[in-house]
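Trainee: My structure file run.pdb, PDB, C-alpha atoms, is below:
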```pdb
ATOM      1  CA  MET D1156     -28.072  10.254  38.683
ATOM      2  CA  LYS D1157     -25.330   8.423  36.792
ATOM      3  CA  TYR D1158     -27.898   7.193  34.242
ATOM      4  CA  GLN D1159     -29.100  10.751  33.673
ATOM      5  CA  LEU D1160     -25.503  11.909  33.102
ATOM      6  CA  TYR D1161     -24.948   9.160  30.519
ATOM      7  CA  LEU D1162     -28.217  10.145  28.824
ATOM      8  CA  ILE D1163     -27.164  13.795  28.625
ATOM      9  CA  ILE D1164     -23.742  12.881  27.210
ATOM     10  CA  PHE D1165     -25.299  10.493  24.682
ATOM     11  CA  SER D1166     -27.848  13.121  23.601
ATOM     12  CA  PHE D1167     -25.087  15.702  23.143
ATOM     13  CA  VAL D1168     -22.934  13.321  21.110
ATOM     14  CA  PHE D1169     -25.895  12.314  18.965
ATOM     15  CA  LEU D1170     -26.875  15.918  18.266
ATOM     16  CA  PHE D1171     -23.281  16.796  17.427
ATOM     17  CA  THR D1172     -22.605  13.843  15.132
ATOM     18  CA  SER D1173     -25.915  14.052  13.289
ATOM     19  CA  CYS D1174     -25.418  17.623  12.120
ATOM     20  CA  TYR D1175     -22.016  17.690  10.422
ATOM     21  CA  PRO D1176     -21.672  17.099   6.655
ATOM     22  CA  GLU D1177     -19.707  13.836   6.796
ATOM     23  CA  TRP D1178     -22.384  12.226   8.950
ATOM     24  CA  LYS D1179     -25.196  13.399   6.673
ATOM     25  CA  MET D1180     -23.496  12.184   3.504
ATOM     26  CA  ALA D1181     -22.591   8.845   5.090
ATOM     27  CA  ARG D1182     -26.175   8.389   6.262
ATOM     28  CA  SER D1183     -27.486   9.130   2.769
ATOM     29  CA  TYR D1184     -25.115   6.486   1.395
ATOM     30  CA  ILE D1185     -26.330   3.910   3.930
ATOM     31  CA  ASP D1186     -30.008   4.692   3.355
ATOM     32  CA  SER D1187     -29.777   4.558  -0.437
ATOM     33  CA  GLU D1188     -30.516   1.308  -2.247
ATOM     34  CA  HIS D1189     -27.206  -0.181  -3.355
ATOM     35  CA  ASP D1190     -26.760  -2.621  -6.165
ATOM     36  CA  ILE D1191     -23.119  -3.476  -5.571
ATOM     37  CA  SER D1192     -21.489  -6.783  -6.463
ATOM     38  CA  ILE D1193     -18.187  -8.045  -5.129
ATOM     39  CA  MET D1194     -16.073 -10.995  -6.169
ATOM     40  CA  ILE D1195     -13.853 -12.519  -3.497
ATOM     41  CA  LEU D1196     -10.574 -14.045  -4.632
ATOM     42  CA  PRO D1197      -9.162 -16.180  -1.802
ATOM     43  CA  ALA D1198      -5.557 -16.613  -0.741
ATOM     44  CA  ASP D1199      -4.135 -20.118  -1.145
ATOM     45  CA  TYR D1200      -2.197 -20.209   2.118
ATOM     46  CA  ILE D1201      -1.208 -18.054   5.069
ATOM     47  CA  PHE D1202       2.215 -16.794   6.086
ATOM     48  CA  LYS D1203       3.393 -17.557   9.619
ATOM     49  CA  LYS D1204       6.154 -15.845  11.549
ATOM     50  CA  ASN D1205       7.377 -16.597  15.069
ATOM     51  CA  LEU D1206       8.946 -13.502  16.628
ATOM     52  CA  LYS D1207       9.854 -15.248  19.906
ATOM     53  CA  VAL D1208      13.510 -15.499  18.916
ATOM     54  CA  LYS D1209      14.782 -16.427  22.390
ATOM     55  CA  GLU D1210      12.553 -19.493  22.456
ATOM     56  CA  ALA D1211      14.408 -21.006  19.476
ATOM     57  CA  GLY D1212      17.788 -21.189  21.197
ATOM     58  CA  HIS D1213      21.059 -20.363  19.443
ATOM     59  CA  ILE D1214      20.128 -19.562  15.858
ATOM     60  CA  LYS D1215      22.786 -16.962  15.074
ATOM     61  CA  ASP D1216      24.888 -19.277  12.903
ATOM     62  CA  MET D1217      21.959 -20.950  11.134
ATOM     63  CA  THR D1218      20.906 -20.326   7.554
ATOM     64  CA  ASP D1219      17.684 -18.379   7.027
ATOM     65  CA  MET D1220      15.850 -21.616   6.234
ATOM     66  CA  GLN D1221      17.175 -23.287   9.388
ATOM     67  CA  LYS D1222      16.198 -20.237  11.470
ATOM     68  CA  ASP D1223      12.645 -20.274  10.098
ATOM     69  CA  SER D1224      12.385 -23.992  10.781
ATOM     70  CA  ALA D1225      13.711 -23.658  14.348
ATOM     71  CA  LEU D1226      11.428 -20.721  15.107
ATOM     72  CA  MET D1227       8.379 -22.540  13.778
ATOM     73  CA  GLU D1228       9.205 -25.709  15.685
ATOM     74  CA  ASN D1229       9.522 -23.722  18.915
ATOM     75  CA  SER D1230       6.349 -21.697  18.436
ATOM     76  CA  SER D1231       3.521 -22.221  20.909
ATOM     77  CA  PHE D1232       0.709 -22.036  18.355
ATOM     78  CA  LEU D1233       1.806 -21.450  14.768
ATOM     79  CA  LYS D1234       3.235 -24.941  14.265
ATOM     80  CA  SER D1235      -0.275 -26.312  14.904
ATOM     81  CA  VAL D1236      -2.333 -23.709  13.056
ATOM     82  CA  SER D1237      -4.231 -25.096  10.060
ATOM     83  CA  ASP D1238      -4.160 -22.870   6.974
ATOM     84  CA  SER D1239      -7.415 -24.366   5.719
ATOM     85  CA  ILE D1240      -9.303 -23.651   8.956
ATOM     86  CA  VAL D1241      -7.987 -20.073   9.101
ATOM     87  CA  LEU D1242      -8.921 -19.368   5.479
ATOM     88  CA  GLU D1243     -12.291 -21.106   5.566
ATOM     89  CA  THR D1244     -13.330 -19.398   8.806
ATOM     90  CA  PHE D1245     -12.157 -15.968   7.651
ATOM     91  CA  ILE D1246     -13.654 -16.135   4.144
ATOM     92  CA  ASN D1247     -17.006 -17.573   5.246
ATOM     93  CA  SER D1248     -17.365 -14.808   7.824
ATOM     94  CA  LEU D1249     -16.312 -12.226   5.229
ATOM     95  CA  ILE D1250     -18.960 -13.449   2.773
ATOM     96  CA  ILE D1251     -21.745 -13.534   5.371
ATOM     97  CA  GLU D1252     -21.042  -9.980   6.500
ATOM     98  CA  PHE D1253     -20.764  -8.654   2.939
ATOM     99  CA  GLU D1254     -24.215 -10.113   2.241
ATOM    100  CA  LYS D1255     -25.654  -8.574   5.417
ATOM    101  CA  LEU D1256     -24.248  -5.220   4.281
ATOM    102  CA  GLY D1257     -26.159  -5.552   1.005
ATOM    103  CA  PHE D1258     -23.442  -6.760  -1.386
ATOM    104  CA  LYS D1259     -24.070  -9.452  -3.966
ATOM    105  CA  VAL D1260     -21.153 -11.807  -3.404
ATOM    106  CA  TYR D1261     -19.507 -13.809  -6.190
ATOM    107  CA  THR D1262     -16.808 -16.464  -6.041
ATOM    108  CA  GLU D1263     -14.289 -17.587  -8.672
ATOM    109  CA  SER D1264     -16.672 -20.240 -10.038
ATOM    110  CA  GLN D1265     -19.063 -17.425 -11.024
ATOM    111  CA  LEU D1266     -16.455 -15.409 -12.925
ATOM    112  CA  ASP D1267     -18.227 -15.608 -16.312
ATOM    113  CA  SER D1268     -21.446 -14.069 -15.038
ATOM    114  CA  PHE D1269     -19.588 -11.547 -12.840
ATOM    115  CA  LEU D1270     -17.645 -10.066 -15.784
ATOM    116  CA  PHE D1271     -20.858  -8.968 -17.505
ATOM    117  CA  ILE D1272     -22.306  -7.048 -14.558
ATOM    118  CA  LYS D1273     -23.301  -3.501 -15.519
ATOM    119  CA  THR D1274     -23.960  -2.157 -12.029
ATOM    120  CA  PRO D1275     -21.071  -1.195  -9.685
ATOM    121  CA  ALA D1276     -18.871  -4.231  -9.065
ATOM    122  CA  TYR D1277     -15.590  -4.786  -7.263
ATOM    123  CA  ILE D1278     -12.913  -7.465  -7.149
ATOM    124  CA  PHE D1279     -11.726  -8.121  -3.594
ATOM    125  CA  ASN D1280      -8.491 -10.067  -3.742
ATOM    126  CA  ILE D1281      -7.190 -11.452  -0.452
ATOM    127  CA  ALA D1282      -3.583 -10.848  -1.404
ATOM    128  CA  GLN D1283      -1.947 -12.047   1.819
ATOM    129  CA  ILE D1284      -2.750 -13.120   5.358
ATOM    130  CA  GLU D1285       0.063 -13.328   7.884
ATOM    131  CA  LEU D1286      -0.009 -14.583  11.476
ATOM    132  CA  GLU D1287       2.749 -13.422  13.817
ATOM    133  CA  GLU D1288       3.373 -15.024  17.197
ATOM    134  CA  HIS D1289       5.030 -12.814  19.809
ATOM    135  CA  TYR D1290       4.784 -11.500  23.353
ATOM    136  CA  ASN D1291       2.861  -8.525  24.649
ATOM    137  CA  VAL D1292       3.679  -7.174  28.088
ATOM    138  CA  HIS D1293       0.982  -6.561  30.698
ATOM    139  CA  GLU D1294       2.083  -3.865  33.150
ATOM    140  CA  ASP D1295       0.385  -2.970  36.411
ATOM    141  CA  GLN D1296       1.273  -0.654  39.269
ATOM    142  CA  GLN D1297      -0.174   0.528  42.551
ATOM    143  CA  ASP D1298       0.886   2.914  45.311
ATOM    144  CA  PHE D1299       1.284   1.657  48.865
ATOM    145  CA  GLY D1300       2.334   4.438  51.189
ATOM    146  CA  ASP D1301       5.395   6.182  49.760
ATOM    147  CA  TYR D1302       6.236   3.381  47.334
ATOM    148  CA  THR D1303       4.932   2.427  43.908
ATOM    149  CA  TYR D1304       4.967  -1.274  43.104
ATOM    150  CA  HIS D1305       5.251  -2.512  39.531
ATOM    151  CA  LYS D1306       4.593  -5.868  37.907
ATOM    152  CA  SER D1307       5.183  -6.972  34.303
ATOM    153  CA  VAL D1308       3.786 -10.196  32.859
ATOM    154  CA  ASP D1309       4.665 -11.581  29.429
ATOM    155  CA  LEU D1310       1.562 -12.568  27.472
ATOM    156  CA  ASN D1311       1.322 -14.811  24.441
ATOM    157  CA  ALA D1312       0.034 -12.791  21.488
ATOM    158  CA  ILE D1313      -0.998 -13.388  17.882
ATOM    159  CA  SER D1314      -1.126 -10.588  15.309
ATOM    160  CA  TYR D1315      -3.261 -10.998  12.208
ATOM    161  CA  ASN D1316      -1.998  -8.958   9.239
ATOM    162  CA  PHE D1317      -4.163  -8.620   6.146
ATOM    163  CA  TRP D1318      -3.428  -7.218   2.691
ATOM    164  CA  PHE D1319      -6.290  -6.803   0.217
ATOM    165  CA  GLU D1320      -6.381  -5.605  -3.387
ATOM    166  CA  LEU D1321      -9.592  -3.799  -4.278
ATOM    167  CA  SER D1322     -10.353  -2.890  -7.870
ATOM    168  CA  GLU D1323     -13.521  -1.736  -9.613
ATOM    169  CA  LEU D1324     -14.798  -3.777 -12.534
ATOM    170  CA  ASN D1325     -15.064  -1.853 -15.827
ATOM    171  CA  ASP D1326     -13.638   1.243 -14.150
ATOM    172  CA  GLY D1327     -11.496   2.045 -17.144
ATOM    173  CA  ASN D1328      -8.351   3.165 -15.334
ATOM    174  CA  GLU D1329      -7.565  -0.273 -13.837
ATOM    175  CA  ASP D1330      -6.661   1.392 -10.553
ATOM    176  CA  THR D1331      -6.112  -1.238  -7.856
ATOM    177  CA  LYS D1332      -5.992  -0.140  -4.224
ATOM    178  CA  LEU D1333      -3.810  -2.041  -1.772
ATOM    179  CA  LEU D1334      -5.478  -2.007   1.636
ATOM    180  CA  TYR D1335      -3.951  -3.152   4.929
ATOM    181  CA  ALA D1336      -5.386  -4.002   8.329
ATOM    182  CA  SER D1337      -3.853  -5.532  11.438
ATOM    183  CA  GLU D1338      -5.386  -6.958  14.611
ATOM    184  CA  THR D1339      -3.803  -8.458  17.739
ATOM    185  CA  ILE D1340      -5.096 -10.787  20.423
ATOM    186  CA  ASN D1341      -3.271 -11.894  23.562
ATOM    187  CA  ASP D1342      -3.687 -13.619  26.906
ATOM    188  CA  VAL D1343      -5.799 -11.669  29.381
ATOM    189  CA  VAL D1344      -4.535 -10.992  32.910
ATOM    190  CA  TYR D1345      -6.774 -10.587  35.945
ATOM    191  CA  GLY D1346      -4.470  -9.320  38.663
ATOM    192  CA  TYR D1347      -4.118  -7.121  41.717
ATOM    193  CA  PHE D1348      -1.587  -6.131  44.355
ATOM    194  CA  ALA D1349      -2.246  -7.445  47.851
ATOM    195  CA  GLU D1350      -0.636  -6.415  51.125
ATOM    196  CA  ASN D1351      -0.082  -8.903  53.929
ATOM    197  CA  ILE D1352      -1.559  -7.176  56.971
ATOM    198  CA  PHE D1353       0.836  -8.993  59.319
ATOM    199  CA  THR D1354       4.161  -8.655  57.487
ATOM    200  CA  GLY D1355       3.484  -5.659  55.249
ATOM    201  CA  ASN D1356       4.821  -7.571  52.219
ATOM    202  CA  ILE D1357       3.292  -6.722  48.861
ATOM    203  CA  LYS D1358       2.573  -9.454  46.334
ATOM    204  CA  TYR D1359       0.963  -9.390  42.924
ATOM    205  CA  LYS D1360      -1.698 -12.046  42.579
ATOM    206  CA  TYR D1361      -3.028 -12.844  39.145
ATOM    207  CA  ASN D1362      -4.662 -15.361  36.839
ATOM    208  CA  VAL D1363      -4.124 -15.568  33.109
ATOM    209  CA  ASN D1364      -6.865 -16.441  30.636
ATOM    210  CA  GLU D1365      -4.702 -17.945  27.911
ATOM    211  CA  ILE D1366      -5.332 -17.970  24.195
ATOM    212  CA  ASP D1367      -5.371 -21.328  22.402
ATOM    213  CA  LEU D1368      -6.044 -22.667  18.907
ATOM    214  CA  ASN D1369      -9.819 -22.416  19.310
ATOM    215  CA  VAL D1370      -9.508 -18.743  20.270
ATOM    216  CA  ILE D1371      -7.173 -18.101  17.315
ATOM    217  CA  TYR D1372      -9.645 -19.706  14.897
ATOM    218  CA  ARG D1373     -12.624 -17.925  16.432
ATOM    219  CA  TYR D1374     -10.995 -14.545  15.904
ATOM    220  CA  CYS D1375     -10.470 -15.404  12.236
ATOM    221  CA  GLY D1376     -14.256 -15.243  11.978
ATOM    222  CA  ILE D1377     -14.443 -12.014  13.958
ATOM    223  CA  PHE D1378     -11.828 -10.386  11.733
ATOM    224  CA  GLY D1379     -13.543 -11.628   8.571
ATOM    225  CA  GLU D1380     -16.660  -9.762   9.646
ATOM    226  CA  ARG D1381     -14.647  -6.703  10.660
ATOM    227  CA  ASN D1382     -12.778  -6.455   7.347
ATOM    228  CA  ALA D1383     -16.029  -6.690   5.402
ATOM    229  CA  GLY D1384     -17.149  -3.696   7.467
ATOM    230  CA  TYR D1385     -13.897  -1.874   6.719
ATOM    231  CA  THR D1386     -14.520  -2.463   3.007
ATOM    232  CA  TYR D1387     -18.017  -0.997   3.279
ATOM    233  CA  ASP D1388     -16.583   2.001   5.155
ATOM    234  CA  TYR D1389     -13.887   2.449   2.500
ATOM    235  CA  LEU D1390     -16.480   2.613  -0.296
ATOM    236  CA  MET D1391     -18.748   4.845   1.786
ATOM    237  CA  ASN D1392     -15.937   7.328   2.447
ATOM    238  CA  LYS D1393     -14.956   7.139  -1.223
ATOM    239  CA  TYR D1394     -18.523   8.215  -2.036
ATOM    240  CA  ILE D1395     -18.275  11.068   0.478
ATOM    241  CA  ILE D1396     -15.006  12.368  -1.008
ATOM    242  CA  GLU D1397     -16.285  12.121  -4.591
ATOM    243  CA  ASN D1398     -19.389  14.136  -3.684
ATOM    244  CA  TRP D1399     -17.741  16.538  -1.263
ATOM    245  CA  PRO D1400     -18.504  20.245  -1.812
ATOM    246  CA  PRO D1401     -15.334  22.016  -3.006
ATOM    247  CA  ASP D1402     -15.894  24.919  -0.602
ATOM    248  CA  LYS D1403     -15.938  22.738   2.521
ATOM    249  CA  THR D1404     -13.119  21.136   4.511
ATOM    250  CA  HIS D1405     -13.300  17.351   4.806
ATOM    251  CA  ARG D1406     -12.538  16.371   8.411
ATOM    252  CA  PHE D1407     -13.789  12.915   9.370
ATOM    253  CA  TYR D1408     -13.501   9.333   8.170
ATOM    254  CA  MET D1409     -16.816   7.677   8.968
ATOM    255  CA  GLN D1410     -17.436   4.165  10.274
ATOM    256  CA  TYR D1411     -20.754   2.318  10.033
ATOM    257  CA  LYS D1412     -21.552  -0.447  12.530
ATOM    258  CA  ARG D1413     -24.303  -2.549  11.023
ATOM    259  CA  GLN D1414     -25.122  -4.515  14.174
ATOM    260  CA  ASN D1415     -26.463  -1.455  16.016
ATOM    261  CA  ASN D1416     -26.927   0.853  13.011
ATOM    262  CA  THR D1417     -24.545   3.502  14.346
ATOM    263  CA  LEU D1418     -22.378   5.935  12.448
ATOM    264  CA  ASP D1419     -19.348   7.621  13.991
ATOM    265  CA  PRO D1420     -15.998   9.168  13.054
ATOM    266  CA  THR D1421     -12.997   6.882  13.452
ATOM    267  CA  ILE D1422      -9.228   7.267  13.395
ATOM    268  CA  ASN D1423      -7.869   3.740  13.753
ATOM    269  CA  ASP D1424     -10.731   1.360  12.920
ATOM    270  CA  LYS D1425     -10.255   1.362   9.157
ATOM    271  CA  PHE D1426      -8.027   0.222   6.326
ATOM    272  CA  GLU D1427      -4.624   1.770   5.779
ATOM    273  CA  GLU D1428      -4.186   2.510   2.088
ATOM    274  CA  MET D1429      -0.732   1.382   0.964
ATOM    275  CA  GLU D1430       1.328   2.851  -1.854
TER
END
```
What would you get if you wrote out this structure as structure tokens?

Mentor:
Amino acid sequence: MKYQLYLIIFSFVFLFTSCYPEWKMARSYIDSEHDISIMILPADYIFKKNLKVKEAGHIKDMTDMQKDSALMENSSFLKSVSDSIVLETFINSLIIEFEKLGFKVYTESQLDSFLFIKTPAYIFNIAQIELEEHYNVHEDQQDFGDYTYHKSVDLNAISYNFWFELSELNDGNEDTKLLYASETINDVVYGYFAENIFTGNIKYKYNVNEIDLNVIYRYCGIFGERNAGYTYDYLMNKYIIENWPPDKTHRFYMQYKRQNNTLDPTINDKFEEME
């Protein structure tokens, strides 16, 4: 019965999404044969910021340089993060996904041949990557009788902030778009409230699956793939806007997921265009 309900809901969603103009135009963009080239310009290093101020002790009277040094020294992860591993993992994943999406990928060593491309071509400059170490709070609650019990657990977290400059080769107006994306990972809590049947005391029992350097590096690859997808979506939605009928209202930003060939509206899973 539950399977049938899911099937009905899926069928309804599919029928709805496959009939509105944004979906149709996005699908035509995906199904057309693209001849798009993209040159990736890598960042030389990553920025690191530890936001766990309390962990660094008394830093109020320190200079800015001393504060940064103390914060980095007292970080759990950032002091050990390798810029080269982060950049290599991110860029390799970015390149692989761009190629799977149909782009012809160029690097700086191929600049001479890239500059003479006549088909659509873009320069994708990784302007800045920043890692921020901080805490996220896991909150849980459960009712027992007339009382509600609460539990908060501090989790180690890493935010990945990306800034990209995207410009079209031989566009004429030299218009460069600054695009921003941010992702966060943190420890994962598996917890529950338990009542002692003899005493009536309530305790919160939990385990924490903690992030470590290997997890941080692995997500660099995941986010490389994801940002290549965001770039594809950005160009796809640019195509939709440029070809949008003037008598219709544009409502949805579309996202294409290559792995399962799905196409859906999205609100948050996309680049933020900066001024």

Trainee: Starting from the PyMOL selection byres ((chain D and resi 1312) around 12), expand the selection into actual residues of this file and give them as a PDB file with C-alpha atoms, in the frame of the given file.

Mentor:
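File produced: selection-v2.pdb:
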```pdb
ATOM      1  CA  ASN D1205       7.377 -16.597  15.069  1.00  0.00           C
ATOM      2  CA  LEU D1206       8.946 -13.502  16.628  1.00  0.00           C
ATOM      3  CA  LYS D1207       9.854 -15.248  19.906  1.00  0.00           C
ATOM      4  CA  SER D1230       6.349 -21.697  18.436  1.00  0.00           C
ATOM      5  CA  SER D1231       3.521 -22.221  20.909  1.00  0.00           C
ATOM      6  CA  PHE D1232       0.709 -22.036  18.355  1.00  0.00           C
ATOM      7  CA  LEU D1233       1.806 -21.450  14.768  1.00  0.00           C
ATOM      8  CA  LEU D1286      -0.009 -14.583  11.476  1.00  0.00           C
ATOM      9  CA  GLU D1287       2.749 -13.422  13.817  1.00  0.00           C
ATOM     10  CA  GLU D1288       3.373 -15.024  17.197  1.00  0.00           C
ATOM     11  CA  HIS D1289       5.030 -12.814  19.809  1.00  0.00           C
ATOM     12  CA  TYR D1290       4.784 -11.500  23.353  1.00  0.00           C
ATOM     13  CA  ASN D1291       2.861  -8.525  24.649  1.00  0.00           C
ATOM     14  CA  VAL D1292       3.679  -7.174  28.088  1.00  0.00           C
ATOM     15  CA  HIS D1293       0.982  -6.561  30.698  1.00  0.00           C
ATOM     16  CA  ASP D1309       4.665 -11.581  29.429  1.00  0.00           C
ATOM     17  CA  LEU D1310       1.562 -12.568  27.472  1.00  0.00           C
ATOM     18  CA  ASN D1311       1.322 -14.811  24.441  1.00  0.00           C
ATOM     19  CA  ILE D1313      -0.998 -13.388  17.882  1.00  0.00           C
ATOM     20  CA  SER D1314      -1.126 -10.588  15.309  1.00  0.00           C
ATOM     21  CA  TYR D1315      -3.261 -10.998  12.208  1.00  0.00           C
ATOM     22  CA  GLU D1338      -5.386  -6.958  14.611  1.00  0.00           C
ATOM     23  CA  THR D1339      -3.803  -8.458  17.739  1.00  0.00           C
ATOM     24  CA  ILE D1340      -5.096 -10.787  20.423  1.00  0.00           C
ATOM     25  CA  ASN D1341      -3.271 -11.894  23.562  1.00  0.00           C
ATOM     26  CA  ASP D1342      -3.687 -13.619  26.906  1.00  0.00           C
ATOM     27  CA  VAL D1343      -5.799 -11.669  29.381  1.00  0.00           C
ATOM     28  CA  GLU D1365      -4.702 -17.945  27.911  1.00  0.00           C
ATOM     29  CA  ILE D1366      -5.332 -17.970  24.195  1.00  0.00           C
ATOM     30  CA  ASP D1367      -5.371 -21.328  22.402  1.00  0.00           C
ATOM     31  CA  LEU D1368      -6.044 -22.667  18.907  1.00  0.00           C
ATOM     32  CA  VAL D1370      -9.508 -18.743  20.270  1.00  0.00           C
ATOM     33  CA  ILE D1371      -7.173 -18.101  17.315  1.00  0.00           C
TER      34      ILE D1371
END
```

Trainee: My list of candidates is D:Tyr1335, D:Trp1399, D:Phe1353, D:Tyr1374. Which is closest to Asp1424 (chain D) when distances are computed with only C-alpha atoms?

Mentor: D:Tyr1335

Trainee: So, with all atoms listed in the file as the atoms that count, which of D:Gly1379, D:Gly1300, D:Pro1176, D:Gly1257 lies closest to Ser1337 (chain D)?

Mentor: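 Closest to Ser1337 (chain D), using all atoms listed in the file: D:Gly1379.
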
Trainee: What does the PyMOL selection byres ((chain D and resi 1262-1272) around 10) select in this file, as an MDAnalysis selection string?

Mentor: chainID D and resid 1191:1197 1250 1260:1261 1273:1278 1324:1325

Trainee: Pick out the closest residue to Ala1349 (chain D) from this set: D:Asn1316, D:Ser1322, D:Gln1297, D:Thr1303. Count all atoms listed in the file.

Mentor: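 That would be D:Gln1297, the residue with the smallest distance to Ala1349 (chain D).
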